[in-house]
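Q: Contents are TSV, C-alpha atoms; file name target.tsv:
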```tsv
chain	number	residue	atom	x	y	z
A	26	MET	CA	21.91	-12.65	-29.08
A	27	ASN	CA	19.04	-10.55	-30.41
A	28	PHE	CA	16.89	-9.22	-27.59
A	29	LEU	CA	13.74	-9.16	-29.76
A	30	ARG	CA	13.96	-12.91	-30.43
A	31	LEU	CA	13.96	-13.84	-26.74
A	32	PRO	CA	10.79	-15.33	-25.21
A	33	PHE	CA	8.38	-12.88	-23.60
A	34	LEU	CA	8.97	-14.12	-20.04
A	35	VAL	CA	12.73	-13.76	-20.44
A	36	LYS	CA	12.36	-10.22	-21.78
A	37	LEU	CA	9.96	-9.33	-18.97
A	38	THR	CA	12.37	-10.71	-16.38
A	39	LEU	CA	15.26	-8.71	-17.80
A	40	VAL	CA	13.15	-5.53	-17.86
A	41	VAL	CA	12.03	-6.01	-14.23
A	42	ILE	CA	15.59	-6.71	-13.08
A	43	SER	CA	16.83	-3.63	-14.94
A	44	ILE	CA	14.14	-1.42	-13.35
A	45	ILE	CA	14.93	-2.74	-9.87
A	46	GLY	CA	18.67	-2.25	-10.39
A	47	LEU	CA	18.19	1.25	-11.77
A	48	GLY	CA	15.91	2.20	-8.87
A	49	TYR	CA	18.45	0.89	-6.37
A	50	LEU	CA	21.24	2.90	-7.99
A	51	LEU	CA	19.07	6.04	-8.02
A	52	ALA	CA	18.26	5.65	-4.33
A	53	LEU	CA	21.89	4.88	-3.49
A	54	GLY	CA	23.22	7.94	-5.32
A	55	GLN	CA	20.58	10.39	-4.08
A	56	SER	CA	23.07	12.86	-2.58
A	57	ILE	CA	24.91	13.12	-5.93
A	58	LEU	CA	22.32	12.43	-8.61
A	59	ALA	CA	19.61	14.79	-7.27
A	60	PRO	CA	21.80	17.95	-7.33
A	61	PHE	CA	23.34	16.78	-10.63
A	62	PHE	CA	19.97	16.50	-12.37
A	63	LEU	CA	18.79	19.85	-10.97
A	64	ALA	CA	22.07	21.43	-12.10
A	65	PHE	CA	21.51	19.94	-15.57
A	66	LEU	CA	18.06	21.53	-15.79
A	67	MET	CA	19.34	24.92	-14.65
A	68	ALA	CA	22.32	24.69	-17.01
A	69	MET	CA	19.92	24.15	-19.93
A	70	LEU	CA	18.02	27.24	-18.80
A	71	PHE	CA	21.19	29.38	-18.64
A	72	LEU	CA	22.67	27.91	-21.82
A	73	PRO	CA	21.31	30.66	-24.16
A	74	ALA	CA	22.72	33.37	-21.88
A	75	ALA	CA	26.12	31.66	-21.71
A	76	THR	CA	26.15	31.17	-25.50
A	77	PHE	CA	25.25	34.84	-26.02
A	78	MET	CA	28.12	35.98	-23.79
A	79	GLU	CA	30.59	33.75	-25.64
A	80	ARG	CA	29.53	34.58	-29.21
A	81	LYS	CA	28.38	38.19	-28.99
A	82	LEU	CA	30.37	39.57	-26.05
A	83	ARG	CA	33.46	37.42	-26.77
A	84	PHE	CA	33.66	36.14	-23.19
A	85	PRO	CA	35.83	33.07	-22.54
A	86	ARG	CA	33.99	29.91	-21.59
A	87	SER	CA	35.08	30.16	-17.94
A	88	VAL	CA	34.00	33.81	-17.64
A	89	SER	CA	30.55	33.14	-19.16
A	90	THR	CA	30.12	30.17	-16.81
A	91	MET	CA	31.03	32.15	-13.69
A	92	THR	CA	28.79	35.03	-14.79
A	93	SER	CA	25.87	32.61	-15.14
A	94	VAL	CA	26.63	31.19	-11.69
A	95	PHE	CA	26.74	34.71	-10.26
A	96	ILE	CA	23.33	35.57	-11.78
A	97	MET	CA	21.83	32.33	-10.48
A	98	LEU	CA	23.18	32.90	-6.96
A	99	ILE	CA	21.76	36.44	-6.94
A	100	ILE	CA	18.30	35.06	-7.83
A	101	LEU	CA	18.54	32.37	-5.14
A	102	SER	CA	19.75	34.91	-2.58
A	103	GLY	CA	16.79	37.16	-3.39
A	104	ILE	CA	14.35	34.27	-2.85
A	105	ILE	CA	16.01	33.29	0.44
A	106	TYR	CA	16.00	36.93	1.63
A	107	PHE	CA	12.29	37.28	0.80
A	108	PHE	CA	11.30	34.20	2.77
A	109	THR	CA	13.59	35.10	5.68
A	110	ASN	CA	12.09	38.59	5.88
A	111	GLN	CA	8.51	37.33	5.63
A	112	LEU	CA	9.04	34.53	8.14
A	113	SER	CA	10.60	36.95	10.65
A	114	ASP	CA	7.41	39.03	10.53
A	115	PHE	CA	5.35	35.86	10.78
A	116	SER	CA	7.26	34.68	13.87
A	117	LYS	CA	6.37	37.91	15.71
A	118	ASP	CA	2.67	37.13	15.38
A	119	ILE	CA	2.91	33.49	16.47
A	120	PRO	CA	1.73	34.19	20.08
A	121	HIS	CA	-1.25	36.15	18.76
A	122	LEU	CA	-2.02	33.41	16.23
A	123	ARG	CA	-1.85	30.82	18.98
A	124	GLU	CA	-4.30	32.73	21.19
A	125	GLN	CA	-6.73	33.32	18.33
A	126	PHE	CA	-6.52	29.74	17.17
A	127	THR	CA	-7.16	28.54	20.73
A	128	THR	CA	-10.23	30.77	20.98
A	129	VAL	CA	-11.63	29.56	17.67
A	130	PHE	CA	-10.84	25.95	18.54
A	131	GLU	CA	-12.60	26.20	21.90
A	132	GLY	CA	-15.65	27.68	20.18
A	133	LEU	CA	-15.62	24.80	17.71
A	134	GLN	CA	-15.41	22.33	20.61
A	135	HIS	CA	-18.45	23.83	22.31
A	136	TRP	CA	-20.36	23.75	18.99
A	137	VAL	CA	-19.54	20.05	18.55
A	138	SER	CA	-20.53	19.42	22.15
A	139	LYS	CA	-23.94	21.07	21.70
A	140	THR	CA	-24.61	19.63	18.25
A	141	PHE	CA	-23.40	16.02	18.65
A	142	ASN	CA	-23.60	15.66	22.46
A	143	VAL	CA	-19.89	14.90	22.74
A	144	LYS	CA	-18.25	16.34	25.83
A	145	VAL	CA	-15.19	18.53	25.50
A	146	ASP	CA	-13.06	16.10	27.53
A	147	GLU	CA	-14.03	13.26	25.21
A	148	GLN	CA	-13.13	15.39	22.18
A	149	VAL	CA	-9.69	16.07	23.66
A	150	ASP	CA	-9.22	12.35	24.32
A	151	TYR	CA	-10.15	11.53	20.71
A	152	ILE	CA	-7.74	14.17	19.39
A	153	ASN	CA	-4.91	12.93	21.63
A	154	GLN	CA	-5.47	9.33	20.54
A	155	GLY	CA	-5.43	10.37	16.89
A	156	LEU	CA	-2.26	12.41	17.36
A	157	ASN	CA	-0.52	9.53	19.17
A	158	LYS	CA	-1.38	7.13	16.35
A	159	LEU	CA	-0.23	9.63	13.76
A	160	LEU	CA	3.07	10.29	15.51
A	161	SER	CA	3.72	6.59	16.15
A	162	SER	CA	3.06	5.66	12.52
A	163	SER	CA	5.00	8.57	11.02
A	164	GLY	CA	7.72	9.23	13.57
A	165	ALA	CA	10.26	9.45	10.78
A	166	ILE	CA	8.77	12.79	9.64
A	167	LEU	CA	10.71	14.75	12.28
A	168	GLY	CA	13.98	13.05	11.41
A	169	PHE	CA	13.25	13.58	7.72
A	170	THR	CA	12.68	17.31	8.35
A	171	PHE	CA	15.96	17.66	10.23
A	172	GLY	CA	17.66	15.69	7.47
A	173	ILE	CA	16.47	18.22	4.90
A	174	PHE	CA	18.00	21.13	6.81
A	175	SER	CA	21.23	19.26	7.59
A	176	THR	CA	21.81	18.22	3.99
A	177	GLY	CA	20.53	21.44	2.42
A	178	PHE	CA	23.90	23.16	2.53
A	179	GLY	CA	25.66	20.17	0.97
A	180	PHE	CA	22.95	19.99	-1.71
A	181	ILE	CA	23.58	23.65	-2.66
A	182	ILE	CA	27.36	23.09	-2.80
A	183	PHE	CA	27.05	20.03	-5.07
A	184	PHE	CA	24.41	21.77	-7.18
A	185	THR	CA	26.66	24.81	-7.75
A	186	LEU	CA	29.69	22.69	-8.64
A	187	PHE	CA	27.73	20.51	-11.05
A	188	PHE	CA	26.20	23.62	-12.63
A	189	ILE	CA	29.70	25.01	-13.28
A	190	PHE	CA	31.02	21.74	-14.69
A	191	ILE	CA	28.03	21.10	-16.98
A	192	LEU	CA	28.14	24.62	-18.46
A	193	ASN	CA	31.93	24.60	-18.80
A	194	TYR	CA	32.22	21.13	-20.33
A	195	ARG	CA	28.94	21.01	-22.24
A	196	ARG	CA	30.61	20.52	-25.62
A	197	LEU	CA	32.70	17.64	-24.29
A	198	LEU	CA	29.63	15.96	-22.78
A	199	ASN	CA	27.66	16.43	-25.99
A	200	ASN	CA	30.44	14.89	-28.13
A	201	PHE	CA	30.75	11.95	-25.75
A	202	ILE	CA	27.03	11.14	-25.89
A	203	VAL	CA	27.02	11.35	-29.71
A	204	THR	CA	30.20	9.32	-30.30
A	205	VAL	CA	29.38	6.59	-27.79
A	206	PHE	CA	26.62	5.30	-30.10
A	207	ASN	CA	26.99	3.59	-33.46
A	208	GLU	CA	27.82	5.77	-36.49
A	209	ARG	CA	24.45	5.17	-38.15
A	210	HIS	CA	22.60	6.41	-35.05
A	211	LYS	CA	24.55	9.66	-34.62
A	212	SER	CA	21.97	11.83	-36.39
A	213	SER	CA	19.10	10.40	-34.32
A	214	VAL	CA	21.08	10.80	-31.11
A	215	GLN	CA	21.93	14.41	-31.94
A	216	GLU	CA	18.28	15.13	-32.74
A	217	ALA	CA	17.23	13.63	-29.42
A	218	ILE	CA	19.84	15.71	-27.56
A	219	ASN	CA	18.68	18.89	-29.26
A	220	GLU	CA	15.04	18.08	-28.53
A	221	ILE	CA	15.82	17.39	-24.87
A	222	ARG	CA	17.76	20.65	-24.62
A	223	VAL	CA	14.95	22.70	-26.19
A	224	MET	CA	12.28	20.92	-24.15
A	225	THR	CA	14.19	21.42	-20.91
A	226	LYS	CA	14.78	25.11	-21.58
A	227	LYS	CA	11.13	25.74	-22.46
A	228	TYR	CA	9.90	23.70	-19.53
A	229	ILE	CA	12.05	25.41	-16.88
A	230	PHE	CA	11.35	28.89	-18.29
A	231	GLY	CA	7.63	28.10	-18.50
A	232	LEU	CA	7.76	26.78	-14.95
A	233	PHE	CA	9.16	30.08	-13.70
A	234	LEU	CA	6.38	31.94	-15.50
A	235	GLN	CA	3.82	29.56	-14.03
A	236	VAL	CA	5.16	30.19	-10.52
A	237	ILE	CA	4.91	33.96	-11.05
A	238	ILE	CA	1.39	33.83	-12.54
A	239	VAL	CA	0.03	31.48	-9.85
A	240	SER	CA	1.65	33.62	-7.12
A	241	ILE	CA	0.02	36.78	-8.52
A	242	LEU	CA	-3.42	35.13	-8.84
A	243	THR	CA	-3.22	33.66	-5.34
A	244	SER	CA	-2.08	36.96	-3.83
A	245	ILE	CA	-5.06	38.73	-5.43
A	246	VAL	CA	-7.47	36.11	-4.05
A	247	LEU	CA	-5.99	36.15	-0.53
A	248	THR	CA	-5.75	39.95	-0.44
A	249	VAL	CA	-9.39	40.35	-1.48
A	250	LEU	CA	-10.42	37.87	1.23
A	251	GLY	CA	-8.35	39.76	3.80
A	252	VAL	CA	-6.11	36.82	4.71
A	253	LYS	CA	-2.99	37.78	6.63
A	254	TYR	CA	0.44	37.13	5.06
A	255	ALA	CA	-1.15	37.00	1.61
A	256	ILE	CA	2.15	37.64	-0.22
A	257	LEU	CA	4.03	34.96	1.72
A	258	LEU	CA	1.28	32.40	1.20
A	259	ALA	CA	0.97	33.33	-2.49
A	260	VAL	CA	4.68	32.86	-3.21
A	261	LEU	CA	4.68	29.61	-1.23
A	262	THR	CA	1.69	28.44	-3.29
A	263	GLY	CA	3.47	29.30	-6.55
A	264	LEU	CA	6.56	27.34	-5.53
A	265	LEU	CA	4.64	24.34	-4.20
A	266	ASN	CA	2.54	24.30	-7.37
A	267	VAL	CA	5.64	22.96	-9.14
A	268	ILE	CA	4.73	19.64	-7.51
A	269	PRO	CA	1.75	18.48	-9.60
A	270	TYR	CA	-1.53	17.80	-7.80
A	271	LEU	CA	-0.03	17.56	-4.29
A	272	GLY	CA	1.56	21.02	-4.22
A	273	ILE	CA	-1.66	23.00	-4.56
A	274	PHE	CA	-3.33	20.77	-1.94
A	275	ILE	CA	-0.53	21.33	0.60
A	276	SER	CA	-0.58	25.09	0.05
A	277	LEU	CA	-4.39	25.05	0.37
A	278	LEU	CA	-4.14	23.40	3.79
A	279	ILE	CA	-1.52	25.93	4.95
A	280	SER	CA	-3.57	28.91	3.75
A	281	CYS	CA	-6.78	27.54	5.30
A	282	PHE	CA	-4.94	27.05	8.60
A	283	ILE	CA	-3.71	30.66	8.59
A	284	ALA	CA	-7.15	31.94	7.59
A	285	PHE	CA	-8.77	29.84	10.34
A	286	ALA	CA	-6.35	31.19	12.96
A	287	THR	CA	-6.47	34.84	11.90
A	288	SER	CA	-10.09	35.39	10.85
A	289	SER	CA	-13.15	33.12	10.85
A	290	PRO	CA	-14.00	29.56	9.76
A	291	SER	CA	-16.13	30.92	6.93
A	292	THR	CA	-13.01	32.52	5.44
A	293	CYS	CA	-11.51	29.04	5.06
A	294	ILE	CA	-14.38	28.09	2.77
A	295	TYR	CA	-13.80	31.17	0.62
A	296	VAL	CA	-10.04	30.45	0.55
A	297	ALA	CA	-10.71	26.88	-0.59
A	298	MET	CA	-13.05	28.15	-3.32
A	299	GLY	CA	-10.44	30.70	-4.40
A	300	TYR	CA	-7.74	28.01	-4.59
A	301	ILE	CA	-10.00	25.79	-6.67
A	302	ALA	CA	-10.54	28.69	-9.08
A	303	VAL	CA	-6.79	29.42	-9.27
A	304	HIS	CA	-6.07	25.73	-9.87
A	305	ALA	CA	-8.70	25.62	-12.64
A	306	VAL	CA	-7.17	28.66	-14.35
A	307	ASP	CA	-3.67	27.21	-13.94
A	308	GLY	CA	-4.58	23.78	-15.30
A	309	ASN	CA	-6.69	24.92	-18.26
A	310	ILE	CA	-5.07	28.21	-19.31
A	311	VAL	CA	-1.64	28.82	-17.75
A	312	LEU	CA	-0.19	25.30	-17.99
A	313	PRO	CA	-1.07	24.58	-21.66
A	314	PHE	CA	0.03	27.98	-23.00
A	315	VAL	CA	3.00	28.76	-20.73
A	316	VAL	CA	4.60	25.39	-20.06
A	317	GLY	CA	3.51	23.97	-23.42
A	318	SER	CA	2.66	20.51	-24.68
A	319	LYS	CA	6.21	19.18	-24.92
A	320	VAL	CA	6.09	17.78	-21.38
A	321	LYS	CA	2.48	16.65	-21.28
A	322	ILE	CA	2.49	13.52	-19.17
A	323	ASN	CA	-0.80	11.82	-18.38
A	324	ALA	CA	-2.10	12.14	-14.83
A	325	LEU	CA	-1.51	8.47	-13.95
A	326	PHE	CA	2.24	8.50	-14.61
A	327	SER	CA	2.59	12.03	-13.21
A	328	PHE	CA	1.18	10.81	-9.90
A	329	LEU	CA	3.27	7.62	-9.98
A	330	GLY	CA	6.33	9.74	-10.77
A	331	ILE	CA	5.66	11.97	-7.75
A	332	LEU	CA	5.36	8.95	-5.45
A	333	LEU	CA	8.50	7.30	-6.83
A	334	GLY	CA	10.41	10.59	-6.81
A	335	GLU	CA	9.53	11.23	-3.17
A	336	HIS	CA	10.46	7.67	-2.26
A	337	LEU	CA	13.83	7.84	-4.03
A	338	TRP	CA	14.95	11.46	-3.57
A	339	GLY	CA	12.52	13.01	-1.09
A	340	ILE	CA	11.20	16.52	-1.77
A	341	ALA	CA	13.77	17.08	-4.53
A	342	GLY	CA	12.43	14.01	-6.32
A	343	MET	CA	8.90	15.41	-6.25
A	344	PHE	CA	10.13	18.55	-8.03
A	345	LEU	CA	12.32	16.72	-10.54
A	346	CYS	CA	10.08	13.78	-11.45
A	347	ILE	CA	8.08	15.51	-14.23
A	348	PRO	CA	11.09	16.78	-16.29
A	349	ALA	CA	12.75	13.38	-15.79
A	350	ILE	CA	9.69	11.57	-17.16
A	351	ALA	CA	9.54	14.07	-20.04
A	352	ILE	CA	13.17	13.33	-20.97
A	353	ILE	CA	12.50	9.59	-20.76
A	354	LYS	CA	9.44	10.08	-22.99
A	355	ILE	CA	11.54	11.86	-25.66
A	356	ILE	CA	14.15	9.07	-25.59
A	357	PHE	CA	11.47	6.38	-25.84
A	358	GLU	CA	9.84	8.11	-28.80
A	359	ARG	CA	13.21	8.09	-30.64
A	360	VAL	CA	13.74	4.33	-30.22
A	361	ASP	CA	11.50	2.12	-32.35
A	362	ASP	CA	11.18	-0.68	-29.81
A	363	LEU	CA	10.38	1.76	-26.97
A	364	ARG	CA	7.97	4.00	-28.90
A	365	PRO	CA	4.82	2.36	-27.41
A	366	TRP	CA	6.16	3.16	-23.92
A	367	GLY	CA	6.61	6.78	-24.96
A	368	LYS	CA	2.99	6.95	-26.10
A	369	LEU	CA	1.93	5.34	-22.84
A	370	LEU	CA	3.58	8.15	-20.84
A	371	GLY	CA	1.92	10.88	-22.91
A	372	GLU	CA	-1.67	11.94	-23.22
A	373	GLU	CA	-4.20	10.35	-25.54
A	374	GLU	CA	-4.24	11.89	-28.99
A	375	LYS	CA	-7.52	12.67	-30.70
A	376	PRO	CA	-7.81	11.45	-34.31
A	377	ASN	CA	-8.75	14.86	-35.73
A	378	LYS	CA	-5.89	16.66	-34.03
A	379	LYS	CA	-3.49	13.96	-35.07
A	380	LYS	CA	-4.53	14.22	-38.69
A	381	LYS	CA	-4.32	18.00	-38.57
A	382	SER	CA	-0.88	17.97	-37.01
A	383	TYR	CA	0.28	15.52	-39.68
A	384	LYS	CA	-0.77	17.92	-42.41
A	385	ILE	CA	0.96	20.80	-40.72
A	386	SER	CA	4.18	18.84	-40.23
A	387	LYS	CA	4.01	17.73	-43.87
A	388	ASN	CA	3.68	21.32	-45.05
A	389	ILE	CA	6.57	22.41	-42.86
A	390	THR	CA	8.73	19.62	-44.23
A	391	LEU	CA	7.94	20.66	-47.81
A	392	LYS	CA	8.79	24.27	-47.05
A	393	GLU	CA	12.11	23.22	-45.49
A	394	MET	CA	12.93	21.16	-48.59
A	395	ASP	CA	12.12	24.13	-50.84
```
Go through the file and emit its structure as structure tokens.
A:
Amino acid sequence: MNFLRLPFLVKLTLVVISIIGLGYLLALGQSILAPFFLAFLMAMLFLPAATFMERKLRFPRSVSTMTSVFIMLIILSGIIYFFTNQLSDFSKDIPHLREQFTTVFEGLQHWVSKTFNVKVDEQVDYINQGLNKLLSSSGAILGFTFGIFSTGFGFIIFFTLFFIFILNYRRLLNNFIVTVFNERHKSSVQEAINEIRVMTKKYIFGLFLQVIIVSILTSIVLTVLGVKYAILLAVLTGLLNVIPYLGIFISLLISCFIAFATSSPSTCIYVAMGYIAVHAVDGNIVLPFVVGSKVKINALFSFLGILLGEHLWGIAGMFLCIPAIAIIKIIFERVDDLRPWGKLLGEEEKPNKKKKSYKISKNITLKEMD
């Protein structure tokens, strides 16, 4: 039966059932699929290095794979060592931070009492009621946090194993994906695989550059403002910035809290202004030129992807949702019936730019034919 000839309601029903079933399978296989997809992204990033070792240095496939794993583990160990060292210094100042925060908070209470005629005891009662409601409505946060730490080690183990298998058996996986489709679609499938590989490599590499640039800009802003733990907060901001929209907001709250506890309330305002400036530079300069336009997803579906990713895979889903949507967008653009959905995920094209890009692509095609 031809799917295109079915009535609209039947097609819509089948699409909804497929989406629900796919979402259920993704949520059910979170412990396996999340590290597998992250390992796939990292394998695409290390693929040029592994290919170079095999072709130029004449390394066997297994040796190039283990060398790539060794390099990746060294990088991860360096990141873990940095945060461990910084957090150990931060933990020594926790009593001092608590005293200073208490002093500032008491001053703020007295200011509210004088300005709005609300007694300090009433303020404490309001705060306690708000905290009780927050904890009763989101009591799962604590269990979720412990779940992250308890499953973190297993996540790393699965991620490392999948990384080894994908790099070692990449040719076998590529041949399977190509041969599983009809003979007339093999060229299109291979083009889509190559485009996904190139896009993934550029995206992950650009993401690392974005993390470094945002960390440097944030460290400059926090250092100039005299905020304590500027380096730690800057690196944390760079890493959280991988989560679109929400990451910079979470890091802003953390930095404002530290600035409020270590200096003065006015510093929080300057920190917020500095973060807005960094976010503006990142969104208008760093992101378009470093990450590129291959993974440009419009803000609506980026935000929906973050919500769905967090619901399905937790924090890992928030990090992985954008490259997943980008891969889906490439696949949709290669299938005629799904091409409108691919355009829906992307950003709106301006007529002038579209016409200009058509001329450029036409010239490139003529040069390739010559």
Q: Mind checking which residues fall within 10 Å of range 238-247 of chain A, counting all atoms listed in the file, ignoring those fewer than 5 positions away in the same chain, and posting them as a PyMOL selection string?
A: chain A and resi 232-233+252-264+266+280+284+292+295-296+298-300+302-304+306-307+311+315
Q: Just the residues within 8 Å of range 88-94 of chain A, please, counting only C-alpha atoms, with nothing from its chain fewer than 2 positions along; format it as a CSV table (one decimal) with C-alpha atoms, in the frame of the given file.
A:
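Now in around05.csv:
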```csv
chain,number,residue,atom,x,y,z
A,71,PHE,CA,21.2,29.4,-18.6
A,74,ALA,CA,22.7,33.4,-21.9
A,75,ALA,CA,26.1,31.7,-21.7
A,76,THR,CA,26.2,31.2,-25.5
A,78,MET,CA,28.1,36.0,-23.8
A,79,GLU,CA,30.6,33.8,-25.6
A,84,PHE,CA,33.7,36.1,-23.2
A,85,PRO,CA,35.8,33.1,-22.5
A,86,ARG,CA,34.0,29.9,-21.6
A,96,ILE,CA,23.3,35.6,-11.8
A,97,MET,CA,21.8,32.3,-10.5
A,98,LEU,CA,23.2,32.9,-7.0
A,185,THR,CA,26.7,24.8,-7.8
A,188,PHE,CA,26.2,23.6,-12.6
A,189,ILE,CA,29.7,25.0,-13.3
A,192,LEU,CA,28.1,24.6,-18.5
A,193,ASN,CA,31.9,24.6,-18.8
```
Q: As an exercise, work out the distance from CA of Val267 in chain A to CA of Ile294 in chain A in Å and give it to one decimal place.
A: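 The value is 23.9 Å.
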Q: Between CA of Ile100 in chain A and CA of Trp338 in chain A, what is the distance in Å, rounded to a tenth?
A: 24.2 Å
Q: Could you please determine the separation between CA of Ile331 in chain A and CA of Pro269 in chain A in Å, to one decimal place?
A: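 Taking CA of Ile331 in chain A and CA of Pro269 in chain A, their separation equals 7.8 Å.
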Q: Select from range 268-360 of chain A every residue with an atom at most 10 Å from any atom of range 194-217 of chain A, then for each give the shortest pair of atoms and their distance in Å to one decimal, using all atoms listed in the file, rows by chain and rising number, as CSV.
A:
```
residue,atom,partner,partner_atom,distance
A:Ile352,CA,A:Ala217,CA,9.4
A:Ile355,CA,A:Ala217,CA,7.0
A:Ile356,CA,A:Ala217,CA,6.7
A:Phe357,CA,A:Ala217,CA,9.9
A:Glu358,CA,A:Ala217,CA,9.2
A:Arg359,CA,A:Ala217,CA,7.0
A:Val360,CA,A:Ser213,CA,9.1
```
Q: Can you pull out every residue within 8 Å of Pro348 in chain A, counting only C-alpha atoms, but drop anything in the same chain fewer than 3 positions away, and send it as a list in words?
A: Thr225, Tyr228, Val320, Leu345, Ala351 and Ile352 of chain A
Q: Check the smallest atom-to-atom distance from each of A:Leu112, A:Leu332, A:Ile191, A:Leu250 to Ser87 in chain A using only C-alpha atoms, then report the winner.
A: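 When distances to Ser87 in chain A are compared using only C-alpha atoms, the smallest one comes from A:Ile191.
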Q: Please determine, counting only C-alpha atoms, which residue among A:Met343, A:Ile181, A:Leu50, A:Val41 has the shortest atom-to-atom distance to Leu271 in chain A.
A: A:Met343
Q: Give me the residues near Ala286 in chain A as a PyMOL selection string, where near means some atom within 9 Å (using all atoms listed in the file) and where sequence neighbours in that chain fewer than 3 positions away do not count.
A: chain A and resi 122-130+281-283+289-290
Q: Extract, using all atoms listed in the file, all DNA, RNA and protein residues at most 7 Å from Gly334 in chain A, discarding same-chain residues fewer than 5 positions from it, and format them as a list of chain:residue names.
A: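 In the requested format, the answer is A:Gly339, A:Gly342, A:Met343, A:Cys346.
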Q: N, CA, C and O atoms for range 295-306 of chain A, written as a PDB file, in the coordinates of the input, could you do that?
A:
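For reference, result.pdb as written:
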```pdb
ATOM      1  N   TYR A 295     -14.076  30.279   1.744  1.00  0.00           N
ATOM      2  CA  TYR A 295     -13.800  31.170   0.620  1.00  0.00           C
ATOM      3  C   TYR A 295     -12.375  30.974   0.090  1.00  0.00           C
ATOM      4  O   TYR A 295     -12.147  31.044  -1.129  1.00  0.00           O
ATOM      5  N   VAL A 296     -11.418  30.726   0.985  1.00  0.00           N
ATOM      6  CA  VAL A 296     -10.040  30.450   0.550  1.00  0.00           C
ATOM      7  C   VAL A 296      -9.986  29.183  -0.282  1.00  0.00           C
ATOM      8  O   VAL A 296      -9.319  29.133  -1.328  1.00  0.00           O
ATOM      9  N   ALA A 297     -10.693  28.137   0.170  1.00  0.00           N
ATOM     10  CA  ALA A 297     -10.710  26.880  -0.590  1.00  0.00           C
ATOM     11  C   ALA A 297     -11.331  27.096  -1.969  1.00  0.00           C
ATOM     12  O   ALA A 297     -10.824  26.582  -2.982  1.00  0.00           O
ATOM     13  N   MET A 298     -12.421  27.861  -2.035  1.00  0.00           N
ATOM     14  CA  MET A 298     -13.050  28.150  -3.320  1.00  0.00           C
ATOM     15  C   MET A 298     -12.111  28.951  -4.222  1.00  0.00           C
ATOM     16  O   MET A 298     -12.022  28.706  -5.432  1.00  0.00           O
ATOM     17  N   GLY A 299     -11.396  29.918  -3.627  1.00  0.00           N
ATOM     18  CA  GLY A 299     -10.440  30.700  -4.400  1.00  0.00           C
ATOM     19  C   GLY A 299      -9.298  29.849  -4.944  1.00  0.00           C
ATOM     20  O   GLY A 299      -8.881  30.006  -6.102  1.00  0.00           O
ATOM     21  N   TYR A 300      -8.814  28.894  -4.134  1.00  0.00           N
ATOM     22  CA  TYR A 300      -7.740  28.010  -4.590  1.00  0.00           C
ATOM     23  C   TYR A 300      -8.217  27.080  -5.703  1.00  0.00           C
ATOM     24  O   TYR A 300      -7.459  26.770  -6.627  1.00  0.00           O
ATOM     25  N   ILE A 301      -9.460  26.631  -5.593  1.00  0.00           N
ATOM     26  CA  ILE A 301     -10.000  25.790  -6.670  1.00  0.00           C
ATOM     27  C   ILE A 301     -10.069  26.579  -7.974  1.00  0.00           C
ATOM     28  O   ILE A 301      -9.749  26.058  -9.055  1.00  0.00           O
ATOM     29  N   ALA A 302     -10.481  27.858  -7.879  1.00  0.00           N
ATOM     30  CA  ALA A 302     -10.540  28.690  -9.080  1.00  0.00           C
ATOM     31  C   ALA A 302      -9.144  28.928  -9.658  1.00  0.00           C
ATOM     32  O   ALA A 302      -8.947  28.852 -10.884  1.00  0.00           O
ATOM     33  N   VAL A 303      -8.166  29.211  -8.798  1.00  0.00           N
ATOM     34  CA  VAL A 303      -6.790  29.420  -9.270  1.00  0.00           C
ATOM     35  C   VAL A 303      -6.256  28.151  -9.917  1.00  0.00           C
ATOM     36  O   VAL A 303      -5.596  28.201 -10.975  1.00  0.00           O
ATOM     37  N   HIS A 304      -6.539  26.997  -9.299  1.00  0.00           N
ATOM     38  CA  HIS A 304      -6.070  25.730  -9.870  1.00  0.00           C
ATOM     39  C   HIS A 304      -6.723  25.457 -11.220  1.00  0.00           C
ATOM     40  O   HIS A 304      -6.076  24.930 -12.139  1.00  0.00           O
ATOM     41  N   ALA A 305      -8.007  25.807 -11.361  1.00  0.00           N
ATOM     42  CA  ALA A 305      -8.700  25.620 -12.640  1.00  0.00           C
ATOM     43  C   ALA A 305      -8.091  26.505 -13.722  1.00  0.00           C
ATOM     44  O   ALA A 305      -7.868  26.059 -14.865  1.00  0.00           O
ATOM     45  N   VAL A 306      -7.799  27.760 -13.383  1.00  0.00           N
ATOM     46  CA  VAL A 306      -7.170  28.660 -14.350  1.00  0.00           C
ATOM     47  C   VAL A 306      -5.768  28.175 -14.706  1.00  0.00           C
ATOM     48  O   VAL A 306      -5.351  28.186 -15.879  1.00  0.00           O
TER      49      VAL A 306
END
```
